[in-house]
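In what follows, a structure is listed as C-alpha cells, so that the remarks can point back to it.
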Amino acid sequence: MYIPVTLTEEQKALRSAVRSLFDAHMDEDRRRAAIDSERGYSEDLWQLMAEMGLHALVVPEEYGGAGGDMNDLRVVFHEAGRVLLTGPFFASAAMATPLVIEAATDEARRHLLPALAAGELVAAPAICEESGSWNLDDVRLPATVRGGEVVLEGTKHYVLDALVADVLLVVVRTGDGLALVSVAADDPRVEIERLETLDLTRRVAAVRFHGCTGRLLSAPGQDVIEQLRKALDAAVVALAAEQSGAMEALLESALSYTGLRHQFGRPIATFQVIKHKLADMTLDVERSLSASSEAARAFVDPAQRAVAASTAKAFASDAFVKAATEHIQVHGGIGFTWEHHAHLYYRRAASSREILGSPQEHRGRIVSLLLDDMPELAETAGVAGV
Amino acid sequence: MTLTEDVAQDRHPVETPEEFGARLRRWLRSATENLAPSATTFADRAATHAAMYDAGLFGMTWPIELGGRSLPTTYQTVFNREVAGFEWAIPDSSVTVGICAPTMADHGTPEQQARHISRMLRGDEVWTQLLSEPGAGSDLAAVSVRAIRDGDDFVLDGQKIWTSDAVEADYALALVRTDPGRPRHGGLSMLIVPLSEPGVDIRPLRDMTGDAPFNEVFLNEARVPVANLVGRENEGWTVLTTMLRHERIALSAGTAGARMDVDAFGALVALARARGVLDRTDVRDTLAEVFVQQRILDITGRRMREGLESGELQGPAGSLGKMGTAMAARAVAEATLKIEGMEGVAWRPDDGQVARRMREVLQFPKPGIAGGTTEIQKNVVAERLLGMPRDR
Ligand SMILES: Cc1cc2nc3c(=O)[nH]c(=O)nc-3n(C[C@H](O)[C@H](O)[C@H](O)COP(=O)(O)OP(=O)(O)OC[C@H]3O[C@@H](n4cnc5c(N)ncnc54)[C@H](O)[C@@H]3O)c2cc1C
C-alpha cells in the first residue's frame, strides 16, 4: 500500500508467489464457477496451495509444518481476501488448524497436523450454537467422556465448510469445562444441512449429532477454554487480514473504474466527491493494515494478544463494510448488477463482520480486558487527566 | 559519516531502546515530581524540555552533526510511548522540531543549520510559520505579502494570520512574494523572519475555546537580510511543498517532538469511573472506539516513521495520517461529552477540572483545519497518492 508494512524477504517472496497463484486461479470467471460448483471451490487450486505449503504455514515443524509465525498467515490471508478465495482454506487453515495446535494433546496433534499441513485433510470447526454467539462461555453442547471416546448429542450452527470437511472439530462442554473433540464428517449419526448464505463465497452448515462418538483431542479432565481463546484469536488475525486484503482490492477496483467511466465529458474521477470517497477508503485500508499487522505481531505476547486481535477485528469489520458500500456507490447502476463483483465483496464484508464476533462484541472485550488487566492504567491517567 | 562512527561520537551512554525507555521514565518522574499539571507555566515546560534534551532524551533520531544522537526510529517509538501522560509537562514542539527544523535541514544553508537546528531541538529557539493570509488559506499560491529587495535586505509589507504562538516564538519561516511579475507559485520565496524585528506587529486572536494561541502578524517595512533566504529566491514553493509534507507526517507520525501517543483512553476511563458510568454498555462501546482509533493511529505512525527511515514512504502519505488524526480528535471530544452528560453542560465556577476538560473538548476542530484542512488532505491523497486526475 502507500505506507510500508515491514516484511522479511521471505514474506515478500511469499506474498508475490501467492498473489500470482490467486490471480491466475481465482479470477472473476473462476470465482463464479466455484460458487456454482458442487463443492464450492477448485480442488486443483487447493492442491497447488498445498504444494506451495500454504496449509502448513503456522504448523510447527515437528508436526510436518513450516513453523511460520502469525505474520506469514496474515500475508497469505490478505491475498486470499483480495480475490475472495472460496473454499475451506479459512475454516481449515485459520480456524481448525490453530484449534489443534493450541488445544490438542501431543498425540492428537501428531495424528491430525501432518495431514492438515499437507492439505490432505480438511477440517471444519464447530463452535457456535443456536444463539449465534462466538463467545466460548456460551458453548453448551454437552459431551459425555468415556476414556478417549466422547458421545455427542445436540446441534452446532454456523459451521463453516462442514459439507466438504473430512473431520469436524467440535467444541463441547464437559463436567470439567470446555473440550475439543473430533468427529468424522461421514459418520452416519452426523447430519449436515447446508444453509443458504449471504456470502456466496463461503459455505455454512448446521450440524446435528445424534449420539455419535467422537475422539477427545484435548487432555482428559482439562478445561481448554484459554487455549481455545488463543486459537480463535489466530483465526481473528486471519479474518482481519482477509478484510484488509479485500478492501485493498476494492480500492484498486474503484480507482480503475472511476478513471475509465466518463460523464459530463470527463472521467468521474475528476469529481471531488468521488476523490474524497476514495481518499477515505485509502485511509481505511491503511488503518486496517496497521491493525491486522499489529495483531499478527502481538500474537505471541500474552499481555497484548487478545486486545490487539479484537482491535483488528472491530476496526477492519466496519471499515470493510463501509468500503464495500462505497465501492458499489461509485459504480452507479452497474455496481448493483448481479454480474458485477461488487455485491460479492459486500456480501463477504457483511458476513465477515459477524463471523468470530461482531465489532460491538470485540469492543466490549477490549474494554473488559484493559480494565481487568491494567487497573493501574486508569489510575495513573486519573492523576493527570481528571 | 557511518552510523557506527556517529554512535561512537554520541556523548550519551550507549543504551538499548528498553534501557532508553526505562531511563526516560525515571527521568520524567523525577523531573515532574514538584510540578502540578494545573500550575505549570510556559517557562517550566521550556526548562523541562531543555533538561530533557541535555540528558539525551529528546531529538535522538536527529543526526549527531545537527544536534541529535543519530539513533534509529525505534527510540522515537519508545519516546512517544513513555511520554504519554506527561503532555502537560513538556511543550508541544511540533512546529519548531517537527516542521521548521526538518525544512531547514532540507533547504537551509550550512550556516543557517549550524546556527539554529540544535537550538531548536533544545527548545532555546521557538519557531512558527507565517504562511496563511486573510486571502490565502488553503490556496497558498495566492500569498500576497511583498518582500522587496533593498541592498542586502528584503523589506516586508502585508499581513499574515492564524500564526500559532507568534508571541512566544523567536523566529518564523515566512512565505512571501518576491516577484509579483511571475504567476502564482512562481514568485514566492521562503524567508527566516526574526519576530523581534521592528516592523513586526503581533496581535493575538482568540480561538473558540477563549484562549489566544494564534495571532495576526502585520509586517510594516520589516527588514530581513537576504542571507535569511531558505532555498533560492522565487523557489519558495519547493520549500513550502517539503515543509507541508514534514508538517503532515510530523503531526500524524510523531516524529521528533511532534506528537506523543496521547493516552486519551486512560483519561476517559478515569472520567467514566468518576462519573459512575463505566458500566454503561454505550459508554464502554465509545471508550473502545476511542482506544481502537488511537491505537491504530499510533501503529500507523510507527509504520510511517519506519517508512521514512527506510526511504519507502511516499511524501503525500502524511496526509492520510493527518486525516486519521482529525477523526480521532473528534471521537475523543464526542466521547468526553457523552461521558460528562449534564455535568458538561453546567458546572460550579470553582470546578476548574470540568472547565479545563470542556476547553479541551472545544479544541476538536484544530487538527482538521490547521496545517491544511481535511478536505485538502483528501485532495492530496486522491491526486498525489492515488494519481486521480485534476480537474482544473
Ligand atoms: C489552530 C490553528 C493554528 C494555525 N496555525 C497557523 C500557523 O501557525 N501558521 C499559518 O500560516 N497558518 C496557520 N493556520 C491556518 C491554517 O493553515 C488555515 O486555516 C487552513 O489552511 C485553512 O485555510 P482558511 O482558514 O483560509 O480556510 P479556507 O481555505 O477558506 O477553507 C474554508 C473551507 O473550504 C474548504 N476548501 C478550500 N479549498 C478547497 C478545495 N480546493 N477543495 C475542497 N475544499 C476546499 C476547506 O476545506 C474549508 O472547509 C492555523 C489554523 C488553525 C485553526
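Chain lettering (A, B, ...) mirrors the order of the C-alpha cells, residue numbering begins at 1 for each chain separately, and ligand numbering begins at 1 in order of display.
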Compile the residues of chain B that lie within 8 Å of chain A, evaluated using only C-alpha atoms, and express the compilation as number ranges by chain. B: 37, 85-86, 263, 266-267, 269-271, 281, 284-285, 287-289, 292, 296-297, 299-300, 303-304, 306-307, 312-314, 317, 320-321, 323-324, 353, 375, 378-379, 381-382, 385-386, 388-391
Can you list, as a ChimeraX atom specification, every protein, DNA or RNA residue that comes within 8 Å of range 157-165 of chain A when you count only C-alpha atoms, leaving out same-chain residues fewer than 5 positions away? /A:39,87-88,91,121-130,132,185,192-194,202-207
From the DSSP assignment of the backbone, select every residue of range 60-300 of chain A that is strand (DSSP E), and format the answer as a PyMOL selection string. chain A and resi 123-126+143-146+149-160+167-174+177-184+190-194+204-216+262-263+266-267
Taking only C-alpha atoms into account, name the residue in A:Ala104, A:Val300, A:Ile328, A:Leu7 that is nearest to Asp69 in chain A. A:Val300
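Nearest residue to Gly148 in chain A among A:Ala309, A:Leu198, A:Leu113, A:Leu180 is A:Leu180, counting only C-alpha atoms.
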Hey, what's within 9 Å of Asn215 in chain B if we count only C-alpha atoms and toss same-chain stuff fewer than 4 positions away? As a PDB file with N, CA, C and O atoms, in the first residue's frame, please?
ATOM      1  N   LYS B 160      -0.139  38.574   7.729  1.00  0.00           N
ATOM      2  CA  LYS B 160      -0.320  37.129   7.901  1.00  0.00           C
ATOM      3  C   LYS B 160      -1.389  36.915   8.963  1.00  0.00           C
ATOM      4  O   LYS B 160      -1.676  37.814   9.765  1.00  0.00           O
ATOM      5  N   ILE B 161      -1.951  35.702   9.002  1.00  0.00           N
ATOM      6  CA  ILE B 161      -2.998  35.439  10.005  1.00  0.00           C
ATOM      7  C   ILE B 161      -2.943  33.981  10.467  1.00  0.00           C
ATOM      8  O   ILE B 161      -2.349  33.145   9.778  1.00  0.00           O
ATOM      9  N   TRP B 162      -3.537  33.713  11.613  1.00  0.00           N
ATOM     10  CA  TRP B 162      -3.599  32.387  12.256  1.00  0.00           C
ATOM     11  C   TRP B 162      -2.225  31.895  12.678  1.00  0.00           C
ATOM     12  O   TRP B 162      -2.000  30.698  12.804  1.00  0.00           O
ATOM     13  N   THR B 163      -1.282  32.788  12.885  1.00  0.00           N
ATOM     14  CA  THR B 163       0.075  32.367  13.215  1.00  0.00           C
ATOM     15  C   THR B 163       0.123  31.840  14.653  1.00  0.00           C
ATOM     16  O   THR B 163      -0.040  32.607  15.599  1.00  0.00           O
ATOM     17  N   SER B 164       0.374  30.548  14.785  1.00  0.00           N
ATOM     18  CA  SER B 164       0.396  29.924  16.117  1.00  0.00           C
ATOM     19  C   SER B 164       1.571  30.445  16.928  1.00  0.00           C
ATOM     20  O   SER B 164       2.690  30.568  16.406  1.00  0.00           O
ATOM     21  N   ASP B 165       1.349  30.694  18.197  1.00  0.00           N
ATOM     22  CA  ASP B 165       2.410  31.011  19.160  1.00  0.00           C
ATOM     23  C   ASP B 165       3.362  32.105  18.711  1.00  0.00           C
ATOM     24  O   ASP B 165       4.539  32.090  19.096  1.00  0.00           O
ATOM     25  N   ALA B 166       2.885  33.062  17.914  1.00  0.00           N
ATOM     26  CA  ALA B 166       3.796  34.121  17.441  1.00  0.00           C
ATOM     27  C   ALA B 166       4.344  34.929  18.612  1.00  0.00           C
ATOM     28  O   ALA B 166       5.458  35.448  18.556  1.00  0.00           O
ATOM     29  N   VAL B 167       3.579  35.038  19.697  1.00  0.00           N
ATOM     30  CA  VAL B 167       4.029  35.825  20.852  1.00  0.00           C
ATOM     31  C   VAL B 167       5.240  35.163  21.502  1.00  0.00           C
ATOM     32  O   VAL B 167       6.217  35.819  21.860  1.00  0.00           O
ATOM     33  N   ILE B 202       2.562  42.010  16.295  1.00  0.00           N
ATOM     34  CA  ILE B 202       1.820  40.773  16.572  1.00  0.00           C
ATOM     35  C   ILE B 202       0.582  41.080  17.409  1.00  0.00           C
ATOM     36  O   ILE B 202       0.683  41.667  18.485  1.00  0.00           O
ATOM     37  N   ARG B 203      -0.599  40.674  16.924  1.00  0.00           N
ATOM     38  CA  ARG B 203      -1.840  40.902  17.681  1.00  0.00           C
ATOM     39  C   ARG B 203      -2.577  39.590  17.886  1.00  0.00           C
ATOM     40  O   ARG B 203      -3.033  38.963  16.923  1.00  0.00           O
ATOM     41  N   PRO B 204      -2.685  39.148  19.151  1.00  0.00           N
ATOM     42  CA  PRO B 204      -3.323  37.856  19.449  1.00  0.00           C
ATOM     43  C   PRO B 204      -4.771  37.779  18.984  1.00  0.00           C
ATOM     44  O   PRO B 204      -5.497  38.769  19.019  1.00  0.00           O
ATOM     45  N   LEU B 205      -5.166  36.603  18.549  1.00  0.00           N
ATOM     46  CA  LEU B 205      -6.557  36.320  18.179  1.00  0.00           C
ATOM     47  C   LEU B 205      -7.068  35.233  19.105  1.00  0.00           C
ATOM     48  O   LEU B 205      -6.344  34.281  19.394  1.00  0.00           O
ATOM     49  N   ARG B 206      -8.313  35.366  19.548  1.00  0.00           N
ATOM     50  CA  ARG B 206      -8.865  34.327  20.413  1.00  0.00           C
ATOM     51  C   ARG B 206      -9.494  33.229  19.575  1.00  0.00           C
ATOM     52  O   ARG B 206     -10.167  33.495  18.573  1.00  0.00           O
TER      53      ARG B 206
END
Counting only C-alpha atoms and all ligand atoms, what residues are within 10 Å of ligand 1, given as a PyMOL selection string? (chain A and resi 272-273+276) or (chain B and resi 95+127-140+160-166+172-175+207-208+212-216+363-380)
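The space separating CA of Asn220 in chain B from CA of Val200 in chain B comes to 6.6 Å.
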